[in-house]
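This is query_39.cif (mmCIF, C-alpha atoms and all ligand atoms).
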```
data_run
loop_
_atom_site.label_atom_id
_atom_site.label_comp_id
_atom_site.auth_asym_id
_atom_site.auth_seq_id
_atom_site.Cartn_x
_atom_site.Cartn_y
_atom_site.Cartn_z
CA MET T 571 93.88 85.74 65.73
CA LYS T 572 95.71 88.27 63.52
CA ILE T 573 99.17 88.79 64.99
CA VAL T 574 101.86 91.31 64.02
CA ILE T 575 105.36 90.35 65.14
CA THR T 576 107.84 93.22 65.14
CA GLY T 577 111.44 92.08 64.83
CA GLY T 578 109.69 89.09 63.32
CA THR T 579 112.60 87.73 61.31
CA GLY T 580 114.91 87.54 64.34
CA PHE T 581 115.64 84.57 66.59
CA LEU T 582 112.54 84.69 68.81
CA GLY T 583 110.31 86.22 66.12
CA ARG T 584 110.62 83.15 63.92
CA LEU T 585 109.90 80.81 66.84
CA ILE T 586 106.78 82.75 67.86
CA ALA T 587 105.62 82.95 64.22
CA GLU T 588 105.93 79.16 63.80
CA ARG T 589 103.91 78.52 66.93
CA ALA T 590 101.20 81.03 65.96
CA LEU T 591 100.93 79.73 62.38
CA ASP T 592 100.82 76.11 63.52
CA ARG T 593 97.70 76.80 65.56
CA GLY T 594 95.98 78.75 62.78
CA ASP T 595 96.75 82.40 63.55
CA SER T 596 97.52 84.79 60.69
CA VAL T 597 100.97 86.33 61.07
CA THR T 598 102.59 89.50 59.72
CA LEU T 599 106.33 89.84 60.27
CA PHE T 600 107.58 93.41 60.48
CA ASP T 601 111.34 93.92 60.42
CA ILE T 602 113.92 96.37 59.20
CA ALA T 603 114.68 94.40 56.03
CA ILE T 604 113.71 91.21 54.22
CA PRO T 605 116.42 88.69 55.19
CA PRO T 606 118.74 88.02 52.21
CA ASP T 607 118.41 84.26 52.76
CA GLY T 608 114.60 84.44 52.89
CA LEU T 609 112.15 83.41 55.58
CA GLY T 610 113.02 79.72 55.66
CA ALA T 611 110.18 77.62 57.10
CA LEU T 612 107.96 80.75 57.26
CA GLU T 613 108.20 81.43 53.51
CA GLY T 614 104.72 81.59 51.99
CA ARG T 615 103.07 81.16 55.39
CA ALA T 616 103.60 84.61 56.94
CA GLU T 617 103.24 88.06 55.41
CA MET T 618 106.49 90.08 55.50
CA ILE T 619 106.66 93.88 55.67
CA ALA T 620 109.99 95.71 55.78
CA GLY T 621 110.23 99.00 57.66
CA ASP T 622 111.67 100.90 60.59
CA ILE T 623 110.00 100.45 63.97
CA ALA T 624 110.41 104.18 64.67
CA ASP T 625 108.38 105.07 61.55
CA THR T 626 105.17 105.88 63.43
CA GLU T 627 102.89 106.15 60.38
CA MET T 628 104.04 102.89 58.91
CA VAL T 629 103.85 101.06 62.24
CA ALA T 630 100.27 102.35 62.70
CA ARG T 631 99.31 101.03 59.25
CA VAL T 632 100.85 97.60 59.96
CA ILE T 633 99.18 97.22 63.35
CA GLU T 634 95.76 98.50 62.25
CA LYS T 635 93.07 95.76 62.47
CA SER T 636 95.34 93.30 64.28
CA ASP T 637 94.30 91.44 67.42
CA ALA T 638 97.77 91.20 68.92
CA VAL T 639 101.25 92.63 68.55
CA VAL T 640 104.31 90.73 69.71
CA HIS T 641 106.86 93.52 69.98
CA LEU T 642 110.38 92.13 69.66
CA ALA T 643 112.15 94.69 67.43
CA SER T 644 115.02 96.06 69.46
CA MET T 645 118.63 97.09 69.61
CA VAL T 646 120.22 94.54 71.92
CA SER T 647 122.59 95.00 74.84
CA ALA T 648 126.13 95.63 73.58
CA GLY T 649 124.75 97.50 70.55
CA SER T 650 122.66 99.76 72.80
CA GLU T 651 125.60 100.40 75.11
CA ALA T 652 127.73 101.45 72.13
CA ASP T 653 125.11 103.87 70.71
CA PHE T 654 122.78 105.53 73.24
CA ASP T 655 120.98 107.66 70.63
CA ALA T 656 120.23 104.69 68.37
CA ALA T 657 118.95 102.71 71.37
CA MET T 658 116.65 105.59 72.33
CA ARG T 659 115.32 105.85 68.78
CA VAL T 660 114.70 102.14 68.20
CA ASN T 661 113.79 100.94 71.70
CA ILE T 662 111.96 103.98 73.11
CA ASP T 663 110.65 105.88 70.05
CA GLY T 664 109.95 102.58 68.28
CA GLY T 665 108.35 101.16 71.42
CA ARG T 666 106.08 104.18 71.75
CA ALA T 667 105.15 103.93 68.07
CA VAL T 668 103.99 100.35 68.68
CA LEU T 669 102.08 101.19 71.86
CA GLU T 670 100.33 104.21 70.33
CA ALA T 671 99.42 102.21 67.22
CA ALA T 672 97.95 99.48 69.45
CA ARG T 673 96.05 102.09 71.45
CA ALA T 674 94.60 103.59 68.26
CA ASN T 675 93.61 100.07 67.17
CA GLY T 676 91.52 99.67 70.30
CA PRO T 677 91.74 98.52 73.93
CA HIS T 678 91.25 94.88 72.96
CA THR T 679 94.69 94.92 71.28
CA LYS T 680 97.09 92.62 73.07
CA VAL T 681 100.69 93.80 73.18
CA LEU T 682 103.25 91.22 74.28
CA PHE T 683 106.67 92.76 74.92
CA THR T 684 109.95 91.01 75.70
CA SER T 685 111.85 92.66 78.52
CA SER T 686 115.08 91.34 79.97
CA LEU T 687 116.96 90.49 83.14
CA ALA T 688 119.15 93.43 82.07
CA ILE T 689 116.68 95.79 83.77
CA PHE T 690 118.29 94.69 87.05
CA GLY T 691 121.69 95.74 88.34
CA SER T 692 123.36 97.77 91.08
CA LYS T 693 125.48 96.46 93.93
CA ALA T 694 122.42 96.21 96.21
CA MET T 695 120.69 93.70 93.91
CA PRO T 696 119.92 90.29 95.49
CA ALA T 697 121.29 87.16 93.72
CA CYS T 698 117.73 86.05 92.91
CA VAL T 699 115.43 88.88 91.86
CA ASP T 700 111.68 88.62 92.31
CA GLY T 701 108.70 90.63 91.09
CA MET T 702 109.27 93.31 93.71
CA THR T 703 113.01 93.85 93.20
CA ARG T 704 113.63 97.42 92.12
CA PRO T 705 115.05 97.68 88.58
CA VAL T 706 118.28 99.71 88.61
CA PRO T 707 119.74 98.90 85.19
CA GLN T 708 123.47 99.37 84.74
CA ASN T 709 123.30 99.60 80.94
CA THR T 710 121.30 101.55 78.36
CA TYR T 711 119.56 98.45 76.97
CA GLY T 712 118.19 97.56 80.41
CA MET T 713 117.05 101.16 80.92
CA THR T 714 115.04 101.09 77.67
CA LYS T 715 113.40 97.80 78.69
CA ALA T 716 112.52 99.18 82.14
CA VAL T 717 110.91 102.28 80.55
CA MET T 718 108.82 100.08 78.29
CA GLU T 719 107.69 97.93 81.23
CA LEU T 720 106.41 101.03 83.05
CA LEU T 721 104.67 102.37 79.94
CA ILE T 722 102.94 99.05 79.24
CA ASN T 723 101.76 98.72 82.82
CA ASP T 724 100.33 102.22 82.81
CA MET T 725 98.72 102.00 79.37
CA SER T 726 97.11 98.71 80.45
CA ARG T 727 95.89 100.26 83.72
CA LYS T 728 94.37 103.10 81.68
CA GLY T 729 92.57 100.58 79.47
CA PHE T 730 94.38 101.80 76.32
CA ILE T 731 95.85 98.38 75.50
CA ASP T 732 95.96 94.84 76.89
CA GLY T 733 99.69 94.67 77.66
CA ARG T 734 101.80 91.71 78.74
CA VAL T 735 105.53 91.64 79.42
CA GLY T 736 107.79 88.61 79.64
CA ARG T 737 111.16 89.29 81.25
CA LEU T 738 113.49 86.86 79.57
CA PRO T 739 116.68 85.29 80.87
CA THR T 740 119.45 84.80 78.28
CA VAL T 741 117.87 82.56 75.68
CA ILE T 742 120.04 79.72 74.40
CA VAL T 743 120.98 78.31 71.90
CA ARG T 744 120.71 80.98 69.18
CA PRO T 745 121.41 79.42 65.76
CA GLY T 746 123.54 81.06 63.07
CA LYS T 747 125.89 83.92 63.69
CA PRO T 748 126.49 85.78 66.99
CA ASN T 749 124.52 89.04 67.45
CA THR T 750 125.48 92.20 69.35
CA ALA T 751 123.99 91.04 72.66
CA ALA T 752 126.58 91.08 75.47
CA SER T 753 125.24 87.61 76.34
CA SER T 754 125.96 86.30 72.85
CA PHE T 755 128.76 84.08 74.25
CA ALA T 756 126.14 82.03 76.15
CA SER T 757 124.97 80.58 72.85
CA GLY T 758 128.42 80.79 71.23
CA VAL T 759 130.08 78.62 73.88
CA ILE T 760 127.68 75.80 72.90
CA ARG T 761 127.07 76.53 69.19
CA GLU T 762 130.62 77.21 68.00
CA PRO T 763 132.19 74.02 69.44
CA LEU T 764 129.24 71.93 68.15
CA THR T 765 129.68 73.31 64.64
CA GLY T 766 133.46 72.73 64.81
CA ASP T 767 134.30 76.44 65.08
CA VAL T 768 136.53 78.16 67.63
CA CYS T 769 134.66 79.99 70.43
CA LYS T 770 136.33 83.14 71.78
CA LEU T 771 135.04 83.31 75.34
CA PRO T 772 134.85 86.89 76.72
CA VAL T 773 133.94 85.96 80.32
CA ALA T 774 135.40 83.76 83.07
CA ARG T 775 134.45 80.09 82.95
CA GLU T 776 133.34 80.26 86.60
CA MET T 777 130.85 83.04 85.83
CA GLN T 778 127.23 82.24 86.66
CA LEU T 779 124.28 83.38 84.59
CA CYS T 780 120.60 82.58 84.17
CA VAL T 781 119.42 81.05 80.93
CA GLY T 782 116.32 79.61 79.30
CA GLY T 783 116.00 77.19 76.41
CA TYR T 784 114.54 78.71 73.24
CA ARG T 785 111.70 76.21 73.01
CA THR T 786 110.66 76.86 76.60
CA CYS T 787 110.97 80.64 76.26
CA ALA T 788 108.93 80.73 73.04
CA ASP T 789 106.27 78.49 74.58
CA GLY T 790 106.26 80.72 77.67
CA LEU T 791 105.73 83.83 75.57
CA MET T 792 102.80 82.14 73.81
CA ALA T 793 101.33 81.28 77.22
CA LEU T 794 101.57 84.95 78.24
CA LEU T 795 99.88 85.98 74.99
CA ASP T 796 96.98 83.63 75.71
CA ALA T 797 96.58 84.13 79.48
CA PRO T 798 93.42 86.01 80.58
CA ALA T 799 94.25 89.68 81.26
CA GLU T 800 92.80 89.52 84.78
CA ASP T 801 95.26 86.77 85.75
CA PHE T 802 98.14 89.29 85.57
CA GLY T 803 96.66 91.40 88.37
CA ASP T 804 97.89 95.00 88.59
CA ASP T 805 101.37 94.15 87.26
CA ARG T 806 101.56 93.00 83.65
CA VAL T 807 105.26 92.06 84.01
CA VAL T 808 106.33 88.48 84.56
CA ASN T 809 109.78 86.91 85.08
CA LEU T 810 110.01 83.93 82.75
CA PRO T 811 111.25 80.59 84.15
CA ASN T 812 115.03 80.13 83.97
CA ILE T 813 117.88 78.03 85.25
CA THR T 814 121.09 79.19 86.89
CA THR T 815 124.27 77.77 85.45
CA SER T 816 127.98 78.50 85.08
CA VAL T 817 129.95 78.66 81.85
CA ASN T 818 131.85 75.57 83.03
CA GLU T 819 128.55 73.68 83.39
CA MET T 820 127.52 74.78 79.89
CA ILE T 821 130.78 73.44 78.49
CA ALA T 822 130.36 70.13 80.34
CA ALA T 823 126.75 69.75 79.13
CA THR T 824 127.84 70.44 75.53
CA GLU T 825 130.56 67.80 75.83
CA ALA T 826 128.02 65.25 77.12
CA VAL T 827 125.62 65.94 74.21
CA ALA T 828 128.46 65.91 71.64
CA ASP T 829 129.65 62.59 73.04
CA ARG T 830 126.19 61.03 72.59
CA HIS T 831 126.01 62.19 68.96
CA GLY T 832 129.65 61.49 68.03
CA ILE T 833 130.29 65.21 67.32
CA SER T 834 133.91 66.39 67.60
CA LEU T 835 133.96 69.79 69.25
CA GLY T 836 135.75 72.97 68.18
CA ALA T 837 138.05 74.68 70.70
CA ILE T 838 137.14 77.31 73.31
CA GLU T 839 139.73 80.08 73.70
CA ASP T 840 139.62 82.56 76.60
CA ALA T 841 139.46 86.10 75.19
CA PRO T 842 138.58 88.37 78.15
CA ASP T 843 136.50 91.43 77.23
CA ASP T 844 136.04 93.95 80.06
CA THR T 845 133.00 95.64 78.47
CA ILE T 846 131.12 92.34 78.10
CA ARG T 847 132.18 91.25 81.61
CA ALA T 848 130.91 94.51 83.11
CA ILE T 849 127.51 94.34 81.37
CA VAL T 850 126.85 90.65 81.99
CA GLY T 851 128.38 90.77 85.48
CA SER T 852 125.80 93.39 86.53
CA TRP T 853 122.87 91.03 85.76
CA PRO T 854 121.12 88.77 88.30
CA ILE T 855 121.84 85.04 88.19
CA ALA T 856 118.27 83.93 88.97
CA LEU T 857 114.76 85.28 88.35
CA GLU T 858 111.94 84.17 90.66
CA ALA T 859 109.28 82.95 88.23
CA SER T 860 106.32 81.53 90.19
CA LYS T 861 103.87 83.99 88.58
CA ALA T 862 104.92 82.89 85.08
CA ILE T 863 104.53 79.24 86.05
CA ALA T 864 101.03 79.97 87.43
CA LEU T 865 100.20 81.64 84.08
CA GLY T 866 101.19 78.46 82.21
CA CYS T 867 104.81 79.14 81.22
CA PRO T 868 106.91 75.97 81.10
CA GLN T 869 110.23 75.48 82.91
CA ASP T 870 113.41 73.89 81.48
CA SER T 871 114.54 70.71 83.21
CA ASP T 872 118.30 70.92 82.55
CA LEU T 873 120.99 72.21 80.20
CA GLU T 874 121.53 68.98 78.30
CA THR T 875 117.86 68.89 77.23
CA ILE T 876 118.21 72.45 75.87
CA ILE T 877 121.32 71.50 73.90
CA GLU T 878 119.73 68.28 72.62
CA ALA T 879 116.85 70.41 71.25
CA PHE T 880 119.35 72.63 69.41
CA VAL T 881 121.04 69.58 67.82
CA GLU T 882 117.64 68.18 66.84
CA ASP T 883 116.33 71.44 65.35
CA TYR T 884 119.40 72.93 63.67
CA PHE T 885 121.79 70.10 62.73
N1 LIG E 1 117.37 86.38 72.90
C1 LIG E 1 117.56 86.70 74.18
O1 LIG E 1 118.38 86.09 74.89
C2 LIG E 1 116.76 87.81 74.79
C3 LIG E 1 116.84 88.02 76.17
C4 LIG E 1 116.12 89.08 76.74
C5 LIG E 1 115.32 89.88 75.93
N2 LIG E 1 115.28 89.64 74.58
C6 LIG E 1 114.47 90.54 73.77
O2 LIG E 1 113.63 89.76 72.92
C7 LIG E 1 113.47 90.43 71.66
C8 LIG E 1 113.84 89.49 70.56
O3 LIG E 1 115.15 89.01 70.76
P1 LIG E 1 115.92 88.18 69.64
O4 LIG E 1 116.92 87.37 70.35
O5 LIG E 1 114.94 87.54 68.72
O6 LIG E 1 116.66 89.36 68.89
P2 LIG E 1 117.09 89.46 67.37
O7 LIG E 1 118.21 90.43 67.30
O8 LIG E 1 117.30 88.09 66.79
O9 LIG E 1 115.79 90.06 66.70
C9 LIG E 1 115.46 91.41 66.81
C10 LIG E 1 114.91 91.85 65.48
O10 LIG E 1 114.61 93.26 65.56
C11 LIG E 1 114.88 93.80 64.30
N3 LIG E 1 115.09 95.26 64.40
C12 LIG E 1 116.13 95.91 64.98
N4 LIG E 1 116.03 97.21 64.80
C13 LIG E 1 114.86 97.41 64.09
C14 LIG E 1 114.22 98.56 63.58
N5 LIG E 1 114.74 99.79 63.73
N6 LIG E 1 113.07 98.40 62.90
C15 LIG E 1 112.54 97.16 62.71
N7 LIG E 1 113.12 96.02 63.16
C16 LIG E 1 114.27 96.16 63.84
C17 LIG E 1 116.16 93.10 63.86
O11 LIG E 1 116.34 93.21 62.44
C18 LIG E 1 115.91 91.68 64.33
O12 LIG E 1 115.37 90.86 63.32
C19 LIG E 1 114.32 91.68 71.73
O13 LIG E 1 113.48 92.74 72.11
C20 LIG E 1 115.31 91.38 72.83
O14 LIG E 1 115.75 92.55 73.47
C21 LIG E 1 115.96 88.63 74.01
#
```
If you convert what's in this file into structure tokens, what do you get?
Amino acid sequence: MKIVITGGTGFLGRLIAERALDRGDSVTLFDIAIPPDGLGALEGRAEMIAGDIADTEMVARVIEKSDAVVHLASMVSAGSEADFDAAMRVNIDGGRAVLEAARANGPHTKVLFTSSLAIFGSKAMPACVDGMTRPVPQNTYGMTKAVMELLINDMSRKGFIDGRVGRLPTVIVRPGKPNTAASSFASGVIREPLTGDVCKLPVAREMQLCVGGYRTCADGLMALLDAPAEDFGDDRVVNLPNITTSVNEMIAATEAVADRHGISLGAIEDAPDDTIRAIVGSWPIALEASKAIALGCPQDSDLETIIEAFVEDYF
């Protein structure tokens, strides 16, 4: 299969690319710039094209003759909240560029899009959201994801594309530096102490959130890419499996893993940030994911296994 991955040099893009290449797919990474430190394990294995996702002509050329597009390029949550116009350009104009390019390529073209729990919000939201919970996003990022979900469902219904959407929980543990996601602390509270750095924690330690391990989420996205179109029914959107945890539990799990590996942990300092608290506090703490599990998406067992994977892969 010939796969184009937009946002392909980011966190999830690299994980999807590795999985696709390992099973023999050909992969083109499309991203805003060639990373200054190169493509790491993907160097020489994947084609890399630099460009802007809102450049409709270029996106059409890149997607032409592909079998599938994994559309990950996006402004993330805090960045989108800080700049509405940029979020509209990248997430909506860029999203439409991808969908129209896929449509022009033909109805066989699979488009896998990553949505987010950030589409949910409002005071009326239940603690655990299911496939029928109404999305009422309380941030611009979530709004752009909700718009894309609707577009993909309708363009699939019309037979223009073969769309699939995985709604992700907060994926942990992101390696490297923090990004501008409001949920960035969820990786930082594990990563920074493990690497001996100080973590500035913007939220309360009692706060609950729903997370997924990066291996499980990437495997789940691959399962959605491969699932027969008819198995999605009339809704191409699927909540990916997740686990509910608190920041305190994440800290305790990190301590347990560090103890097993003899790692001395960096400090965690409370640094309350009202903007981050408001965005993350509006999100649900559990996503009902039985449809994803029926489609073959795996489920994490526990936090310590997720953190062990991070130590194994990135230390
Ligand atoms: N990681 C998570 O916890 C999470 C949770 C929910 C949804 N998602 C969604 O999954 C996708 C991938 O997430 P990620 O964690 O890999 O993010 P990331 O920030 O690591 O990767 C996104 C990539 O998009 C690229 N990009 C941004 N603007 C672009 C533009 N104008 N043109 C071309 N490329 C551009 C960035 O350079 C980056 O490499 C995103 O759509 C994100 O919203 C992620």
Shell of 12 Å around T:Pro605, all atoms listed in the file, local chain residues under 4 positions omitted, as a list of chain:residue names: T:Gly577, T:Gly578, T:Thr579, T:Gly580, T:Arg584, T:Leu599, T:Phe600, T:Asp601, T:Leu609, T:Gly610, T:Leu612, T:Glu613, T:Met618, T:Ile619, T:Ala620
Please identify all protein, DNA and RNA residues within 8 Å of ligand LIG 1 (chain E), counting all atoms listed in the file, and report them as JSON, numbers by chain. {"T": [576, 577, 578, 579, 580, 581, 582, 583, 584, 600, 601, 602, 603, 620, 621, 622, 623, 624, 641, 642, 643, 644, 645, 646, 647, 659, 660, 664, 683, 684, 685, 686, 687, 688, 711, 715, 737, 738, 739, 740, 741, 742, 744, 749, 750, 751, 753, 754, 781]}
If I take atom CA of T:Asn809 and atom CA of T:Ala656, how far is one from the other in Å, to one decimal?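 A separation of 26.5 Å between them.
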Distance of atom CA of T:Gly782 from atom CA of T:Glu858, expressed in Å to one decimal place: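 The value is 13.0 Å.
Rounded to one decimal, atom CA of T:Ala756 and atom CA of T:Ala697 lie 18.9 Å from each other.
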I'd like a table as a Markdown table: residues in stretch 613-696 of chain T with an atom no more than 12 Å from stretch 841-845 of chain T, each row giving the shortest atom pair and its distance in Å to one decimal, all atoms listed in the file counted, sorted by chain and rising residue number.
```
| residue | atom | partner | partner_atom | distance |
| --- | --- | --- | --- | --- |
| T:Ser647 | CA | T:Thr845 | CA | 11.0 |
| T:Ala648 | CA | T:Thr845 | CA | 8.4 |
| T:Gly649 | CA | T:Thr845 | CA | 11.6 |
| T:Glu651 | CA | T:Thr845 | CA | 9.4 |
| T:Ala652 | CA | T:Thr845 | CA | 10.1 |
```
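Among the candidate residues T:Glu588, T:Lys572, T:Asn661, T:Ala616, the one lying nearest to T:Ile633 is T:Lys572, with distances computed using all atoms listed in the file.
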Starting from the structure just given, write a file holding stretch 790-884 of chain T with C-alpha atoms, as a compact mmCIF listing (two decimals), in the first residue's frame.
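The resulting file, part_1.txt, is shown below:
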```txt
# COMPACT_ATOMS: atom_id res chain seq x y z
CA GLY T 790 -5.05 1.05 17.16
CA LEU T 791 -4.71 3.57 14.35
CA MET T 792 -3.20 0.88 12.11
CA ALA T 793 -6.15 -1.39 12.95
CA LEU T 794 -8.56 1.37 11.88
CA LEU T 795 -6.62 1.84 8.65
CA ASP T 796 -6.95 -1.87 7.87
CA ALA T 797 -10.53 -2.53 9.04
CA PRO T 798 -13.09 -3.20 6.27
CA ALA T 799 -15.06 -0.02 5.50
CA GLU T 800 -18.41 -1.76 6.07
CA ASP T 801 -17.43 -2.61 9.66
CA PHE T 802 -17.64 1.10 10.58
CA GLY T 803 -21.35 1.25 9.74
CA ASP T 804 -22.79 4.71 9.09
CA ASP T 805 -20.40 6.44 11.53
CA ARG T 806 -16.73 6.43 10.57
CA VAL T 807 -15.71 7.85 13.97
CA VAL T 808 -14.36 5.62 16.71
CA ASN T 809 -13.26 6.37 20.30
CA LEU T 810 -9.90 4.70 20.81
CA PRO T 811 -9.35 2.59 23.95
CA ASN T 812 -8.05 4.54 26.95
CA ILE T 813 -7.53 4.37 30.67
CA THR T 814 -8.65 6.85 33.31
CA THR T 815 -5.99 7.97 35.73
CA SER T 816 -5.05 10.84 38.03
CA VAL T 817 -1.83 12.83 37.99
CA ASN T 818 -1.03 11.34 41.41
CA GLU T 819 -1.35 7.83 39.95
CA MET T 820 0.94 8.79 37.07
CA ILE T 821 3.55 10.02 39.53
CA ALA T 822 3.27 6.82 41.61
CA ALA T 823 3.58 4.61 38.49
CA THR T 824 6.67 6.56 37.36
CA GLU T 825 8.24 6.10 40.80
CA ALA T 826 7.59 2.33 40.64
CA VAL T 827 9.21 2.04 37.19
CA ALA T 828 12.16 4.26 38.18
CA ASP T 829 12.68 2.12 41.27
CA ARG T 830 12.88 -1.06 39.17
CA HIS T 831 15.47 0.49 36.84
CA GLY T 832 17.50 2.33 39.51
CA ILE T 833 16.66 5.73 37.94
CA SER T 834 16.81 8.76 40.27
CA LEU T 835 13.93 11.06 39.45
CA GLY T 836 13.93 14.82 38.84
CA ALA T 837 11.58 16.98 40.93
CA ILE T 838 7.96 17.92 40.19
CA GLU T 839 7.07 21.53 41.04
CA ASP T 840 3.46 22.76 41.12
CA ALA T 841 3.10 25.69 38.70
CA PRO T 842 -0.66 26.29 38.31
CA ASP T 843 -1.71 27.58 34.89
CA ASP T 844 -5.37 28.65 34.65
CA THR T 845 -5.49 28.46 30.83
CA ILE T 846 -4.22 24.87 30.78
CA ARG T 847 -6.51 23.92 33.69
CA ALA T 848 -9.54 25.35 31.88
CA ILE T 849 -8.82 23.55 28.59
CA VAL T 850 -7.92 20.17 30.10
CA GLY T 851 -10.61 20.45 32.78
CA SER T 852 -13.31 20.69 30.08
CA TRP T 853 -12.35 17.28 28.61
CA PRO T 854 -14.01 13.95 29.50
CA ILE T 855 -12.12 11.53 31.73
CA ALA T 856 -13.21 8.37 29.90
CA LEU T 857 -14.14 7.42 26.33
CA GLU T 858 -16.37 4.38 25.76
CA ALA T 859 -14.40 2.36 23.20
CA SER T 860 -16.23 -0.93 22.51
CA LYS T 861 -16.52 -0.17 18.77
CA ALA T 862 -12.75 0.35 18.49
CA ILE T 863 -12.10 -2.90 20.34
CA ALA T 864 -14.49 -4.73 17.97
CA LEU T 865 -12.53 -3.24 15.05
CA GLY T 866 -9.28 -4.70 16.43
CA CYS T 867 -7.80 -1.79 18.41
CA PRO T 868 -5.80 -2.94 21.44
CA GLN T 869 -6.32 -1.70 25.00
CA ASP T 870 -3.60 -0.71 27.51
CA SER T 871 -3.43 -2.86 30.64
CA ASP T 872 -2.01 -0.29 33.09
CA LEU T 873 0.14 2.82 33.46
CA GLU T 874 3.32 1.05 34.52
CA THR T 875 3.37 -0.99 31.28
CA ILE T 876 3.08 2.25 29.28
CA ILE T 877 5.98 3.80 31.18
CA GLU T 878 8.09 0.63 30.90
CA ALA T 879 7.63 0.83 27.10
CA PHE T 880 8.89 4.43 27.12
CA VAL T 881 12.01 3.44 29.11
CA GLU T 882 12.61 0.52 26.73
CA ASP T 883 12.15 2.56 23.54
CA TYR T 884 13.74 5.91 24.41
```
